[in-house]
file my_file.cif (mmCIF, N, CA and C atoms)
data_upload
loop_
_atom_site.label_atom_id
_atom_site.label_comp_id
_atom_site.auth_asym_id
_atom_site.auth_seq_id
_atom_site.Cartn_x
_atom_site.Cartn_y
_atom_site.Cartn_z
N MET A 1 159.64 104.63 61.00
CA MET A 1 158.60 104.87 61.97
C MET A 1 157.36 104.02 61.67
N LYS A 2 157.02 103.93 60.36
CA LYS A 2 155.86 103.14 59.98
C LYS A 2 156.07 101.66 60.30
N ARG A 3 157.31 101.16 60.12
CA ARG A 3 157.59 99.75 60.43
C ARG A 3 157.46 99.49 61.92
N ILE A 4 157.93 100.37 62.74
CA ILE A 4 157.83 100.20 64.19
C ILE A 4 156.36 100.18 64.61
N LEU A 5 155.58 101.07 64.05
CA LEU A 5 154.16 101.11 64.35
C LEU A 5 153.47 99.83 63.90
N LEU A 6 153.84 99.32 62.73
CA LEU A 6 153.28 98.08 62.22
C LEU A 6 153.64 96.90 63.14
N VAL A 7 154.89 96.84 63.58
CA VAL A 7 155.33 95.77 64.49
C VAL A 7 154.56 95.84 65.80
N ILE A 8 154.37 97.04 66.34
CA ILE A 8 153.63 97.20 67.59
C ILE A 8 152.18 96.75 67.41
N CYS A 9 151.56 97.10 66.29
CA CYS A 9 150.18 96.69 66.02
C CYS A 9 150.07 95.17 65.91
N VAL A 10 150.99 94.57 65.19
CA VAL A 10 150.97 93.11 65.04
C VAL A 10 151.17 92.43 66.39
N CYS A 11 152.10 92.91 67.18
CA CYS A 11 152.34 92.33 68.51
C CYS A 11 151.11 92.47 69.40
N ALA A 12 150.43 93.59 69.32
CA ALA A 12 149.24 93.82 70.12
C ALA A 12 148.12 92.86 69.71
N LEU A 13 148.01 92.59 68.43
CA LEU A 13 146.98 91.68 67.95
C LEU A 13 147.28 90.22 68.27
N VAL A 14 148.54 89.85 68.23
CA VAL A 14 148.94 88.47 68.47
C VAL A 14 148.95 88.13 69.96
N ALA A 15 149.32 89.08 70.78
CA ALA A 15 149.41 88.82 72.22
C ALA A 15 148.03 88.59 72.80
N GLY A 16 147.88 87.52 73.57
CA GLY A 16 146.60 87.22 74.19
C GLY A 16 146.52 87.83 75.57
N CYS A 17 145.37 87.74 76.13
CA CYS A 17 145.14 88.25 77.47
C CYS A 17 144.92 87.08 78.42
N ALA A 18 145.80 86.12 78.38
CA ALA A 18 145.67 84.93 79.22
C ALA A 18 145.89 85.30 80.68
N SER A 19 145.15 84.65 81.54
CA SER A 19 145.33 84.89 82.96
C SER A 19 145.05 83.61 83.75
N VAL A 20 145.75 83.47 84.85
CA VAL A 20 145.53 82.37 85.78
C VAL A 20 145.44 82.98 87.17
N THR A 21 144.37 82.65 87.88
CA THR A 21 144.22 83.13 89.25
C THR A 21 144.12 81.92 90.16
N ALA A 22 144.55 82.09 91.39
CA ALA A 22 144.50 81.00 92.36
C ALA A 22 144.13 81.55 93.73
N TYR A 23 143.46 80.73 94.52
CA TYR A 23 143.05 81.09 95.87
C TYR A 23 143.31 79.90 96.78
N ARG A 24 143.83 80.18 97.96
CA ARG A 24 143.96 79.16 99.00
C ARG A 24 143.44 79.77 100.28
N ALA A 25 142.54 79.07 100.94
CA ALA A 25 141.94 79.57 102.17
C ALA A 25 143.02 79.75 103.24
N PRO A 26 142.91 80.80 104.04
CA PRO A 26 143.88 81.00 105.12
C PRO A 26 143.91 79.79 106.06
N ASN A 27 145.08 79.46 106.52
CA ASN A 27 145.29 78.35 107.46
C ASN A 27 144.87 77.00 106.92
N SER A 28 144.80 76.86 105.60
CA SER A 28 144.48 75.55 105.02
C SER A 28 145.73 74.97 104.38
N SER A 29 145.79 73.66 104.35
CA SER A 29 146.94 72.98 103.78
C SER A 29 146.49 72.08 102.65
N LEU A 30 147.26 72.05 101.60
CA LEU A 30 146.96 71.16 100.48
C LEU A 30 147.77 69.88 100.57
N GLU A 31 148.46 69.70 101.67
CA GLU A 31 149.29 68.51 101.87
C GLU A 31 148.45 67.30 102.24
N ASN A 32 147.49 67.46 103.14
CA ASN A 32 146.71 66.33 103.63
C ASN A 32 145.25 66.49 103.22
N LEU A 33 144.94 66.16 101.98
CA LEU A 33 143.58 66.28 101.48
C LEU A 33 142.77 65.00 101.70
N GLY A 34 143.44 63.93 102.11
CA GLY A 34 142.74 62.67 102.32
C GLY A 34 142.27 62.08 101.00
N SER A 35 141.15 61.39 101.03
CA SER A 35 140.61 60.83 99.79
C SER A 35 139.86 61.92 99.02
N ILE A 36 140.08 61.96 97.73
CA ILE A 36 139.54 63.01 96.87
C ILE A 36 138.57 62.40 95.88
N TYR A 37 137.46 63.11 95.61
CA TYR A 37 136.51 62.70 94.59
C TYR A 37 136.29 63.86 93.63
N VAL A 38 136.53 63.63 92.34
CA VAL A 38 136.34 64.65 91.31
C VAL A 38 134.95 64.44 90.70
N VAL A 39 134.10 65.44 90.84
CA VAL A 39 132.71 65.36 90.38
C VAL A 39 132.62 65.78 88.92
N HIS A 40 131.96 64.95 88.12
CA HIS A 40 131.75 65.25 86.69
C HIS A 40 130.85 66.47 86.54
N PHE A 41 131.27 67.43 85.72
CA PHE A 41 130.48 68.62 85.38
C PHE A 41 129.54 68.20 84.24
N SER A 42 128.24 68.18 84.49
CA SER A 42 127.30 67.54 83.55
C SER A 42 127.36 68.05 82.10
N PRO A 43 127.59 69.33 81.82
CA PRO A 43 127.69 69.72 80.40
C PRO A 43 128.98 69.23 79.71
N ASP A 44 129.95 68.79 80.48
CA ASP A 44 131.24 68.37 79.93
C ASP A 44 131.11 67.07 79.15
N LYS A 45 131.44 67.12 77.87
CA LYS A 45 131.40 65.92 77.02
C LYS A 45 132.80 65.33 76.81
N ARG A 46 133.81 65.96 77.38
CA ARG A 46 135.20 65.52 77.18
C ARG A 46 135.75 64.73 78.36
N ASN A 47 134.93 64.50 79.37
CA ASN A 47 135.32 63.73 80.57
C ASN A 47 136.58 64.29 81.23
N LEU A 48 136.57 65.59 81.47
CA LEU A 48 137.72 66.23 82.11
C LEU A 48 137.94 65.77 83.54
N GLU A 49 136.89 65.22 84.19
CA GLU A 49 137.07 64.73 85.55
C GLU A 49 138.12 63.63 85.60
N SER A 50 138.19 62.81 84.54
CA SER A 50 139.20 61.75 84.52
C SER A 50 140.60 62.33 84.30
N VAL A 51 140.69 63.41 83.54
CA VAL A 51 141.99 64.07 83.32
C VAL A 51 142.48 64.70 84.62
N ILE A 52 141.57 65.39 85.32
CA ILE A 52 141.93 66.02 86.60
C ILE A 52 142.32 64.95 87.62
N ALA A 53 141.53 63.87 87.68
CA ALA A 53 141.84 62.77 88.62
C ALA A 53 143.18 62.13 88.30
N SER A 54 143.46 61.94 87.04
CA SER A 54 144.73 61.34 86.63
C SER A 54 145.91 62.21 87.05
N ASP A 55 145.77 63.51 86.89
CA ASP A 55 146.85 64.42 87.30
C ASP A 55 147.05 64.37 88.81
N LEU A 56 145.96 64.36 89.56
CA LEU A 56 146.08 64.29 91.02
C LEU A 56 146.70 62.96 91.46
N LYS A 57 146.33 61.86 90.79
CA LYS A 57 146.92 60.56 91.11
C LYS A 57 148.43 60.57 90.85
N SER A 58 148.84 61.22 89.77
CA SER A 58 150.28 61.28 89.46
C SER A 58 151.05 62.07 90.52
N ARG A 59 150.34 62.87 91.29
CA ARG A 59 150.96 63.65 92.38
C ARG A 59 150.88 62.93 93.72
N GLY A 60 150.36 61.68 93.69
CA GLY A 60 150.36 60.86 94.90
C GLY A 60 149.08 60.88 95.71
N TYR A 61 148.03 61.51 95.22
CA TYR A 61 146.77 61.58 95.97
C TYR A 61 145.91 60.35 95.69
N ASN A 62 145.06 60.01 96.67
CA ASN A 62 144.08 58.94 96.53
C ASN A 62 142.82 59.55 95.91
N VAL A 63 142.57 59.27 94.62
CA VAL A 63 141.53 59.96 93.88
C VAL A 63 140.59 58.99 93.18
N SER A 64 139.30 59.33 93.19
CA SER A 64 138.31 58.65 92.37
C SER A 64 137.46 59.73 91.71
N TYR A 65 136.66 59.35 90.73
CA TYR A 65 135.87 60.35 90.01
C TYR A 65 134.59 59.74 89.48
N GLY A 66 133.64 60.61 89.15
CA GLY A 66 132.37 60.17 88.59
C GLY A 66 131.28 61.18 88.86
N ASN A 67 130.03 60.73 88.73
CA ASN A 67 128.88 61.60 89.01
C ASN A 67 128.74 61.83 90.51
N LYS A 68 128.11 62.94 90.87
CA LYS A 68 127.95 63.27 92.28
C LYS A 68 127.15 62.19 93.02
N ALA A 69 126.17 61.60 92.34
CA ALA A 69 125.34 60.57 92.97
C ALA A 69 126.16 59.32 93.33
N ALA A 70 127.26 59.08 92.62
CA ALA A 70 128.09 57.90 92.86
C ALA A 70 129.22 58.15 93.84
N MET A 71 129.27 59.34 94.43
CA MET A 71 130.37 59.70 95.32
C MET A 71 130.34 58.84 96.59
N PRO A 72 131.48 58.24 96.95
CA PRO A 72 131.56 57.46 98.19
C PRO A 72 131.31 58.34 99.42
N LYS A 73 130.81 57.74 100.47
CA LYS A 73 130.47 58.51 101.68
C LYS A 73 131.70 58.91 102.49
N ASP A 74 132.81 58.19 102.32
CA ASP A 74 134.01 58.45 103.13
C ASP A 74 135.00 59.40 102.46
N VAL A 75 134.57 60.20 101.52
CA VAL A 75 135.45 61.15 100.82
C VAL A 75 135.77 62.32 101.73
N ASP A 76 137.02 62.77 101.71
CA ASP A 76 137.44 63.91 102.52
C ASP A 76 137.38 65.23 101.75
N THR A 77 137.73 65.20 100.47
CA THR A 77 137.80 66.41 99.64
C THR A 77 137.03 66.19 98.35
N ILE A 78 136.22 67.20 98.00
CA ILE A 78 135.46 67.15 96.74
C ILE A 78 136.06 68.18 95.79
N VAL A 79 136.32 67.75 94.56
CA VAL A 79 136.84 68.64 93.53
C VAL A 79 135.75 68.82 92.47
N THR A 80 135.42 70.08 92.19
CA THR A 80 134.47 70.39 91.13
C THR A 80 135.15 71.27 90.10
N TYR A 81 134.60 71.29 88.90
CA TYR A 81 135.16 72.13 87.85
C TYR A 81 134.06 72.60 86.92
N THR A 82 134.30 73.70 86.26
CA THR A 82 133.46 74.17 85.16
C THR A 82 134.39 74.54 84.02
N ASP A 83 133.98 74.20 82.82
CA ASP A 83 134.80 74.53 81.66
C ASP A 83 133.93 75.16 80.58
N HIS A 84 134.53 76.03 79.79
CA HIS A 84 133.84 76.67 78.68
C HIS A 84 134.74 76.58 77.45
N TRP A 85 134.15 76.21 76.35
CA TRP A 85 134.89 76.01 75.11
C TRP A 85 134.37 76.97 74.04
N ARG A 86 135.24 77.32 73.11
CA ARG A 86 134.88 78.18 71.96
C ARG A 86 135.42 77.55 70.69
N TRP A 87 134.84 78.00 69.59
CA TRP A 87 135.31 77.53 68.30
C TRP A 87 135.88 78.71 67.54
N ASP A 88 137.10 78.56 67.04
CA ASP A 88 137.76 79.54 66.19
C ASP A 88 138.73 78.76 65.31
N LEU A 89 138.24 78.23 64.22
CA LEU A 89 138.94 77.32 63.33
C LEU A 89 139.11 75.93 63.94
N THR A 90 139.14 75.88 65.25
CA THR A 90 139.18 74.62 65.99
C THR A 90 138.59 74.88 67.37
N ASN A 91 138.13 73.84 68.03
CA ASN A 91 137.64 74.01 69.40
C ASN A 91 138.82 74.23 70.35
N TYR A 92 138.64 75.13 71.28
CA TYR A 92 139.66 75.34 72.31
C TYR A 92 138.97 75.69 73.62
N MET A 93 139.65 75.36 74.71
CA MET A 93 139.11 75.67 76.02
C MET A 93 139.35 77.15 76.32
N LEU A 94 138.25 77.87 76.51
CA LEU A 94 138.34 79.28 76.82
C LEU A 94 138.73 79.48 78.28
N ASP A 95 138.05 78.76 79.17
CA ASP A 95 138.41 78.85 80.58
C ASP A 95 138.01 77.59 81.33
N ILE A 96 138.67 77.40 82.44
CA ILE A 96 138.33 76.31 83.36
C ILE A 96 138.53 76.82 84.78
N GLU A 97 137.62 76.46 85.65
CA GLU A 97 137.73 76.79 87.07
C GLU A 97 137.62 75.49 87.86
N ILE A 98 138.55 75.29 88.78
CA ILE A 98 138.59 74.07 89.60
C ILE A 98 138.55 74.49 91.07
N GLU A 99 137.68 73.83 91.85
CA GLU A 99 137.57 74.13 93.27
C GLU A 99 137.78 72.86 94.10
N PHE A 100 138.48 73.02 95.21
CA PHE A 100 138.67 71.96 96.20
C PHE A 100 137.86 72.37 97.43
N ARG A 101 136.98 71.46 97.90
CA ARG A 101 136.16 71.75 99.08
C ARG A 101 136.21 70.58 100.06
N LYS A 102 136.12 70.88 101.34
CA LYS A 102 136.03 69.84 102.37
C LYS A 102 134.65 69.20 102.27
N ALA A 103 134.60 67.89 102.27
CA ALA A 103 133.33 67.17 102.10
C ALA A 103 132.41 67.36 103.30
N LYS A 104 132.97 67.42 104.50
CA LYS A 104 132.12 67.45 105.69
C LYS A 104 131.36 68.76 105.88
N ASP A 105 131.95 69.89 105.46
CA ASP A 105 131.26 71.17 105.67
C ASP A 105 131.20 72.05 104.41
N ASP A 106 131.62 71.52 103.27
CA ASP A 106 131.58 72.22 101.98
C ASP A 106 132.41 73.51 101.98
N ARG A 107 133.39 73.59 102.89
CA ARG A 107 134.25 74.77 102.98
C ARG A 107 135.29 74.74 101.86
N ARG A 108 135.41 75.86 101.14
CA ARG A 108 136.39 75.93 100.05
C ARG A 108 137.80 75.97 100.62
N ILE A 109 138.64 75.07 100.13
CA ILE A 109 140.04 75.02 100.54
C ILE A 109 140.89 75.81 99.57
N ALA A 110 140.64 75.59 98.26
CA ALA A 110 141.44 76.24 97.23
C ALA A 110 140.65 76.25 95.92
N SER A 111 141.03 77.18 95.06
CA SER A 111 140.43 77.21 93.73
C SER A 111 141.42 77.86 92.77
N THR A 112 141.21 77.58 91.51
CA THR A 112 142.04 78.19 90.48
C THR A 112 141.20 78.39 89.23
N LYS A 113 141.54 79.40 88.46
CA LYS A 113 140.84 79.66 87.20
C LYS A 113 141.86 80.05 86.15
N SER A 114 141.72 79.43 85.00
CA SER A 114 142.59 79.74 83.86
C SER A 114 141.71 80.25 82.74
N TYR A 115 142.07 81.40 82.19
CA TYR A 115 141.32 82.03 81.11
C TYR A 115 142.28 82.30 79.96
N ARG A 116 142.02 81.72 78.81
CA ARG A 116 142.91 81.87 77.65
C ARG A 116 142.10 82.15 76.40
N PRO A 117 141.85 83.43 76.12
CA PRO A 117 141.06 83.78 74.94
C PRO A 117 141.84 83.57 73.64
#
call {"tool": "encode", "arguments": {"input": "my_file.cif", "output": "structure tokens"}}
result
Amino acid sequence: MKRILLVICVCALVAGCASVTAYRAPNSSLENLGSIYVVHFSPDKRNLESVIASDLKSRGYNVSYGNKAAMPKDVDTIVTYTDHWRWDLTNYMLDIEIEFRKAKDDRRIASTKSYRP
């Protein structure tokens, strides 16, 4: 009985509370996003905008990235993100939230958030 209790305690301590949530606006499609611009999150020192842009390019999208001031005028979709990092023997990403918005009216098309404590 003590061993079973010990195993349950260890499993409870080791298991994380990771979660991923996603949202897609009703009647919106992620198929035709047009030209996409990934805006750099100013506190980010790891240049995650280039990582996000690279992933979108690998999926066949027309993507560019940089500071908001450098955003081209003919962009159809704007992607923003926020990230938070923690240190626990090593740095790790605690959470990231990514949003896709229409450039012409700033309407949110989709968003996702990953939280991994």
call {"tool": "resolve_selection", "arguments": {"input": "my_file.cif", "expression": "the PyMOL selection byres ((chain A and resi 93) around 8)", "output": "ChimeraX atom specification"}}
result
/A:83-87,90-92,94-96,114-117
call {"tool": "residues_around", "arguments": {"input": "my_file.cif", "residues": "A:Glu49", "least_positions_apart": "6", "cutoff": "6 Å", "atoms": "all atoms listed in the file", "output": "number ranges by chain"}}
result
A: 38-40, 65
call {"tool": "write_last_selection", "arguments": {"input": "my_file.cif", "atoms": "N, CA and C atoms", "output": "PDB file, in the frame of the given file"}}
result
ATOM      1  N   VAL A  38     136.530  63.630  92.340  1.00  0.00           N
ATOM      2  CA  VAL A  38     136.340  64.650  91.310  1.00  0.00           C
ATOM      3  C   VAL A  38     134.950  64.440  90.700  1.00  0.00           C
ATOM      4  N   VAL A  39     134.100  65.440  90.840  1.00  0.00           N
ATOM      5  CA  VAL A  39     132.710  65.360  90.380  1.00  0.00           C
ATOM      6  C   VAL A  39     132.620  65.780  88.920  1.00  0.00           C
ATOM      7  N   HIS A  40     131.960  64.950  88.120  1.00  0.00           N
ATOM      8  CA  HIS A  40     131.750  65.250  86.690  1.00  0.00           C
ATOM      9  C   HIS A  40     130.850  66.470  86.540  1.00  0.00           C
ATOM     10  N   TYR A  65     136.660  59.350  90.730  1.00  0.00           N
ATOM     11  CA  TYR A  65     135.870  60.350  90.010  1.00  0.00           C
ATOM     12  C   TYR A  65     134.590  59.740  89.480  1.00  0.00           C
TER      13      TYR A  65
END
call {"tool": "resolve_selection", "arguments": {"input": "my_file.cif", "expression": "the PyMOL selection byres ((chain A and resi 35) around 7)", "output": "PyMOL selection string"}}
result
chain A and resi 32-34+36-37+61-64+74-78
call {"tool": "select_by_dssp", "arguments": {"input": "my_file.cif", "residues": "chain A", "states": "alpha helix (DSSP H)", "output": "ChimeraX atom specification"}}
result
/A:2-14,48-58
call {"tool": "atom_distance", "arguments": {"input": "my_file.cif", "atom1": "atom CA of A:Arg107", "atom2": "atom CA of A:Asn27"}}
result
12.4 Å
call {"tool": "atom_distance", "arguments": {"input": "my_file.cif", "atom1": "atom CA of A:Ile98", "atom2": "atom CA of A:Ser19"}}
result
14.4 Å
call {"tool": "decode", "arguments": {"input": "my_file.cif", "residues": "stretch 48-60 of chain A", "atoms": "all heavy atoms", "output": "compact mmCIF listing (two decimals), in the first residue's frame"}}
result
# COMPACT_ATOMS: atom_id res chain seq x y z
N LEU A 48 11.69 35.30 -32.02
CA LEU A 48 10.71 34.27 -32.34
C LEU A 48 9.88 34.59 -33.57
O LEU A 48 9.32 33.69 -34.20
CB LEU A 48 9.78 34.03 -31.13
CG LEU A 48 10.43 33.38 -29.93
CD1 LEU A 48 9.43 33.26 -28.78
CD2 LEU A 48 10.98 32.01 -30.28
N GLU A 49 9.81 35.88 -33.96
CA GLU A 49 9.06 36.22 -35.17
C GLU A 49 9.64 35.51 -36.39
O GLU A 49 8.91 35.09 -37.28
CB GLU A 49 8.99 37.73 -35.39
CG GLU A 49 10.25 38.39 -35.89
CD GLU A 49 11.29 38.68 -34.81
OE1 GLU A 49 11.10 38.29 -33.65
OE2 GLU A 49 12.30 39.29 -35.14
N SER A 50 10.96 35.34 -36.41
CA SER A 50 11.57 34.64 -37.55
C SER A 50 11.26 33.14 -37.50
O SER A 50 11.10 32.51 -38.54
CB SER A 50 13.08 34.87 -37.59
OG SER A 50 13.72 34.28 -36.48
N VAL A 51 11.15 32.59 -36.31
CA VAL A 51 10.80 31.17 -36.17
C VAL A 51 9.36 30.94 -36.62
O VAL A 51 9.07 30.00 -37.36
CB VAL A 51 10.99 30.70 -34.71
CG1 VAL A 51 10.51 29.27 -34.51
CG2 VAL A 51 12.45 30.85 -34.28
N ILE A 52 8.45 31.82 -36.19
CA ILE A 52 7.04 31.71 -36.58
C ILE A 52 6.91 31.89 -38.09
O ILE A 52 6.21 31.12 -38.77
CB ILE A 52 6.19 32.75 -35.82
CG1 ILE A 52 6.20 32.43 -34.33
CG2 ILE A 52 4.76 32.78 -36.37
CD1 ILE A 52 5.64 33.54 -33.45
N ALA A 53 7.61 32.90 -38.64
CA ALA A 53 7.56 33.14 -40.09
C ALA A 53 8.11 31.96 -40.87
O ALA A 53 7.54 31.56 -41.89
CB ALA A 53 8.34 34.41 -40.43
N SER A 54 9.18 31.38 -40.40
CA SER A 54 9.77 30.22 -41.07
C SER A 54 8.80 29.04 -41.09
O SER A 54 8.67 28.35 -42.11
CB SER A 54 11.06 29.82 -40.36
OG SER A 54 11.61 28.68 -40.93
N ASP A 55 8.11 28.82 -39.99
CA ASP A 55 7.13 27.73 -39.95
C ASP A 55 5.98 27.99 -40.92
O ASP A 55 5.55 27.08 -41.63
CB ASP A 55 6.60 27.54 -38.53
CG ASP A 55 5.65 26.37 -38.43
OD1 ASP A 55 6.13 25.22 -38.39
OD2 ASP A 55 4.42 26.59 -38.42
N LEU A 56 5.50 29.22 -40.96
CA LEU A 56 4.41 29.55 -41.89
C LEU A 56 4.87 29.41 -43.34
O LEU A 56 4.12 28.93 -44.19
CB LEU A 56 3.88 30.96 -41.61
CG LEU A 56 3.09 31.12 -40.31
CD1 LEU A 56 2.85 32.60 -40.01
CD2 LEU A 56 1.78 30.36 -40.38
N LYS A 57 6.11 29.82 -43.64
CA LYS A 57 6.65 29.67 -44.99
C LYS A 57 6.72 28.19 -45.39
O LYS A 57 6.42 27.84 -46.52
CB LYS A 57 8.04 30.28 -45.09
CG LYS A 57 8.04 31.77 -45.23
CD LYS A 57 9.45 32.31 -45.35
CE LYS A 57 9.42 33.83 -45.37
NZ LYS A 57 10.76 34.41 -45.39
N SER A 58 7.10 27.34 -44.44
CA SER A 58 7.19 25.91 -44.75
C SER A 58 5.82 25.32 -45.04
O SER A 58 5.72 24.26 -45.65
CB SER A 58 7.85 25.15 -43.59
OG SER A 58 6.97 25.04 -42.49
N ARG A 59 4.76 26.01 -44.64
CA ARG A 59 3.39 25.57 -44.91
C ARG A 59 2.82 26.20 -46.18
O ARG A 59 1.65 26.03 -46.49
CB ARG A 59 2.49 25.88 -43.72
CG ARG A 59 2.90 25.15 -42.46
CD ARG A 59 2.17 25.68 -41.24
NE ARG A 59 2.74 25.15 -40.03
CZ ARG A 59 2.31 24.07 -39.40
NH1 ARG A 59 1.29 23.40 -39.88
NH2 ARG A 59 2.89 23.67 -38.30
N GLY A 60 3.67 26.96 -46.89
CA GLY A 60 3.27 27.51 -48.18
C GLY A 60 2.73 28.93 -48.16
O GLY A 60 2.25 29.42 -49.18
